[in-house]
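**Q** Before I ask anything, let me first share the structure, which is written out below as structure tokens.
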Number of protein chains: 2
Amino acid sequence: MNPTQIISDLLSKKPTITDVFFVACGGSLVDFYPAHYLIHSQGKRLHSSTTPSAEFLNAPPARLGSDSLTVVCSHNGSTAESLGAAALAKARGSTLVTLTFKPGSPIEADADYTLSYPWGPGSLVRQQPMALGLTLASAILAALDGYAYLEQVKEGIDKIDSIVDLAVETVQPRARSFALRYKDEPILYSMSSGASLAQAYSFAAFAMMEMQHKHASSVHSGDFFHGAFELVDENVLYVLLVNEGKTRPVDERALRFLERYAAKLEVIDARELGIRAISPAVVDVFNPLLFYSVMTAYRDAMADVRGHPVDTRRYMWKVSY
Amino acid sequence: MNPTQIISDLLSKKPTITDVFFVACGGSLVDFYPAHYLIHSQGKRLHSSTTPSAEFLNAPPARLGSDSLTVVCSHNGSTAESLGAAALAKARGSTLVTLTFKPGSPIEADADYTLSYPWGPGSLVRQQPMALGLTLASAILAALDGYAYLEQVKEGIDKIDSIVDLAVETVQPRARSFALRYKDEPILYSMSSGASLAQAYSFAAFAMMEMQHKHASSVHSGDFFHGAFELVDENVLYVLLVNEGKTRPVDERALRFLERYAAKLEVIDARELGIRAISPAVVDVFNPLLFYSVMTAYRDAMADVRGHPVDTRRYMWKVSY
């Protein structure tokens with residue numbers, strides 16, 4: 001079944017769903033953030049949360065039960081904490097949807113419904129977890145809460161690959177220039193807001209810390225003004241992901257401040273990179289799909305310039321922990 | 001009215017509350033995290049979220065309305081985004097509770113109920129926003145969702161000051177030693193889980209970035225193993241807040257890894273610092289009250305050793321932004 005069919009089928013069996021729990025580790029959890037944000041911001045009766053698998057497994061919400069839909073993603077299908085979280089959700093009576101890059105892997109064992117996705121060169125953004133999550137989220141919102149923009153989400157998903165392809169092409173020289181200029185910076189700060197907050201975290205924690213062993217930290221571009229902005233000076237590098245949509249004024253305020261006080265600033269503006277081809281009614285939740293691909297270009301340029309391949313690891317797959 | 005009376009009164013007028021929105025900026029938002037976590041983890045019908053004021057104001061949730069309780073804190077009572085968020089909540093028909101250090105300040109203008117609190121030397125933890133939030137949260141949970149541990153929360157609040165006082169005394173020499181050893185570190189990483197996740201963020205964003213102009217980053221101690229841990233080596237400083245309660249195994253796994261691979265490690269263990277005087281049924285949400293005061297001792301020791309007072313500012317209160 002595709003995501004829309006899954007929602008239709010599960011609601012025919014369980015029309016009383018009140019909560020969607022998105023559960024995963026690392027990058028897979030980040031991938032769920034747009035879907036969570038859509039339900040969190042647009043839901044009326046329906047509620048949503050995102051939780052790291054280890055936390056969900058050790059401290060499951062009291063309301064996890066027969067009125068829950070738990071959605072778990074494990075990229076390789078065998079992440080221990082995610083397997084545990086999925087089994088727990090099932091044991092509590094929750095409906096369980098799992099996503100994985102590897103169909104047939106253990107994460108599918110307890111699932112009521114499974115989805116798999118392609119990854120790597122040539123795979124399409126619209127087939128990947130962020131888009132699958134948005135389809136799941138918009139379908140259940142439409143069915144339960146009368147969400148009015150299902151068609152606009154579908155159109156956005158149809159358009160996202162052409163937008164992303166062009167944006168990635170546009171930023172290639174910028175990404176290379178960024179990497180050449182900043183390859184020796186001791187640290188960078190990434191910032192965003194709204195549905196893209198997890199993309200700021202992702203660029204810091206995964207693109208830099210994990211894949212480049214470089215220091216990084218992420219900050220909400222609105223909360224920035226209540227503490228973190230005191231760190232700004234001419235020597236500190238900021239990467240600002242400026243959303244199109246409702247929280248754009250939040251990012252733009254940070255932009256004005258950084259343009260004034262930060263000499264090292266890279267601005268990635270979804271508006272300038274073509275996101276306005278998507279309906280204003282749903283554009284908020286499409287920003288992160290664009291940012292992920294664009295920031296992957298920045299990450300890869302840094303890897304190339306530094307001679308530090310993105311799959312360089314010291315612990316993962318090498319030692320037990 | 002005190003927090004318990006406020007919940008009783010507001011539910012007598014509006015028994016249909018489904019959502020609690022905790023809204024604030026910076027440290028005030030961090031203060032709401034234990035209350036949010038209590039509702040999020042223990043709520044059945046009732047749901048909760050924490051949102052930076054700027055985000056709430058620009059992208060309010062669709063379900064904000066007459067079945068909402070919005071709780072807004074502004075320390076000085078005049079934070080622009082928080083005033084805006086409070087006015088918006090009121091205009092949408094939400095019941096509004098505000099907290100401030102300055103009674104009579106503008107944040108009280110739209111409020112249905114107001115709370116104020118003491119701050120600074122001599123003020124008690126049990127009178128401050130984290131404790132007020134826990135009382136509000138446990139009272140509404142008990143009234144609406146049959147939460148069974150109201151008495152244990154009350155007892156915890158009665159005990160917290162004596163626990164904190166002893167813990168702060170215990171860590172004073174450790175905090176001084178930490179500051180002397182690490183005053184010149186280029187960056188530190190703070191980690192925790194569960195109800196204390198916001199304390200890890202707070203130590204990074206406020207104690208270090210804002211008040212010491214030092215680089216810092218925070219990571220969830222479970223999600224750590226899915227990317228961020230690749231940064232660990234003998235040169236990077238980690239500060240780990242180990243919770244008592246359900247997510248302790250998550251923190252302990254990070255501890256075992258850090259003890260093996262990180263030479264620079266400061267462990268703040270709530271268990272060792274006396275938190276077990278509080279009932280296991282509610283201890284999870286009391287860890288952050290302990291950690292805040294303890295990490296304030298670490299922050300102040302760093303300020304003292306570095307000769308950089310915690311109220312040193314470059315932008316706040318000095319330039320417009």
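Chain lettering (A, B, ...) mirrors the order of the structure tokens, residue numbering begins at 1 for each chain separately, and ligand numbering begins at 1 in order of display.
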Can you list, as a list in words, every protein, DNA or RNA residue that comes within 8 Å of Gly274 of chain A when you count only C-alpha atoms, leaving out same-chain residues fewer than 4 positions away?
**A**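 What passes the distance filter is Ile163, Ala167 and Ala270 of chain A.
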**Q** With 6 Å as the limit and counting only C-alpha atoms, what residues in chain A lie close to chain B? Please list them as a list in words.
**A**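 Output check: Cys25, Gly26, Ser41, Gln42, Lys44, Ala54, Asn58, Ala59, Pro61, Ala62, Arg63, Ala205, Phe206, Met209, Glu210, His213, Ser217, Gly222, Asp223, His226, Gly227, Ala228, Glu230, Leu231, Lys246 and Thr247 of chain A.
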**Q** Excluding Asp184 of chain B and residues on its chain fewer than 4 positions from it, collect all residues at most 10 Å away from it, counting only C-alpha atoms, and give them as a ChimeraX atom specification.
**A** /B:179-180,214,306
**Q** Kindly save the residues from that selection, with all heavy atoms included, as a short mmCIF file (atom, residue, chain, number, x, y, z; two decimals), in the first residue's frame.
**A**
```cif
data_model
loop_
_atom_site.label_atom_id
_atom_site.label_comp_id
_atom_site.auth_asym_id
_atom_site.auth_seq_id
_atom_site.Cartn_x
_atom_site.Cartn_y
_atom_site.Cartn_z
N ALA B 179 36.08 24.69 36.53
CA ALA B 179 36.36 25.99 35.92
C ALA B 179 37.86 26.20 35.74
O ALA B 179 38.31 26.71 34.70
CB ALA B 179 35.75 27.10 36.77
N LEU B 180 38.64 25.81 36.73
CA LEU B 180 40.09 25.97 36.63
C LEU B 180 40.67 25.09 35.52
O LEU B 180 41.53 25.52 34.75
CB LEU B 180 40.76 25.62 37.97
CG LEU B 180 40.52 26.64 39.09
CD1 LEU B 180 40.95 26.07 40.46
CD2 LEU B 180 41.27 27.96 38.81
N LYS B 214 31.12 31.81 25.40
CA LYS B 214 31.90 30.61 25.09
C LYS B 214 31.08 29.67 24.19
O LYS B 214 29.87 29.55 24.34
CB LYS B 214 32.27 29.85 26.38
CG LYS B 214 33.53 30.40 27.05
CD LYS B 214 33.93 29.54 28.25
CE LYS B 214 34.73 28.30 27.90
NZ LYS B 214 36.11 28.54 27.49
N ARG B 306 37.20 32.99 35.21
CA ARG B 306 37.53 33.70 33.96
C ARG B 306 37.45 35.22 34.12
O ARG B 306 37.80 35.97 33.19
CB ARG B 306 36.59 33.27 32.84
CG ARG B 306 36.72 31.81 32.47
CD ARG B 306 35.76 31.46 31.33
NE ARG B 306 36.21 32.02 30.07
CZ ARG B 306 35.43 32.68 29.21
NH1 ARG B 306 34.17 32.89 29.49
NH2 ARG B 306 35.93 33.15 28.08
#
```
**Q** Expressed in Å to a single decimal, how great is the separation between atom CA of Gln127 of chain A and atom CA of Trp317 of chain A?
**A**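 Separating atom CA of Gln127 of chain A from atom CA of Trp317 of chain A is a distance of 26.8 Å.
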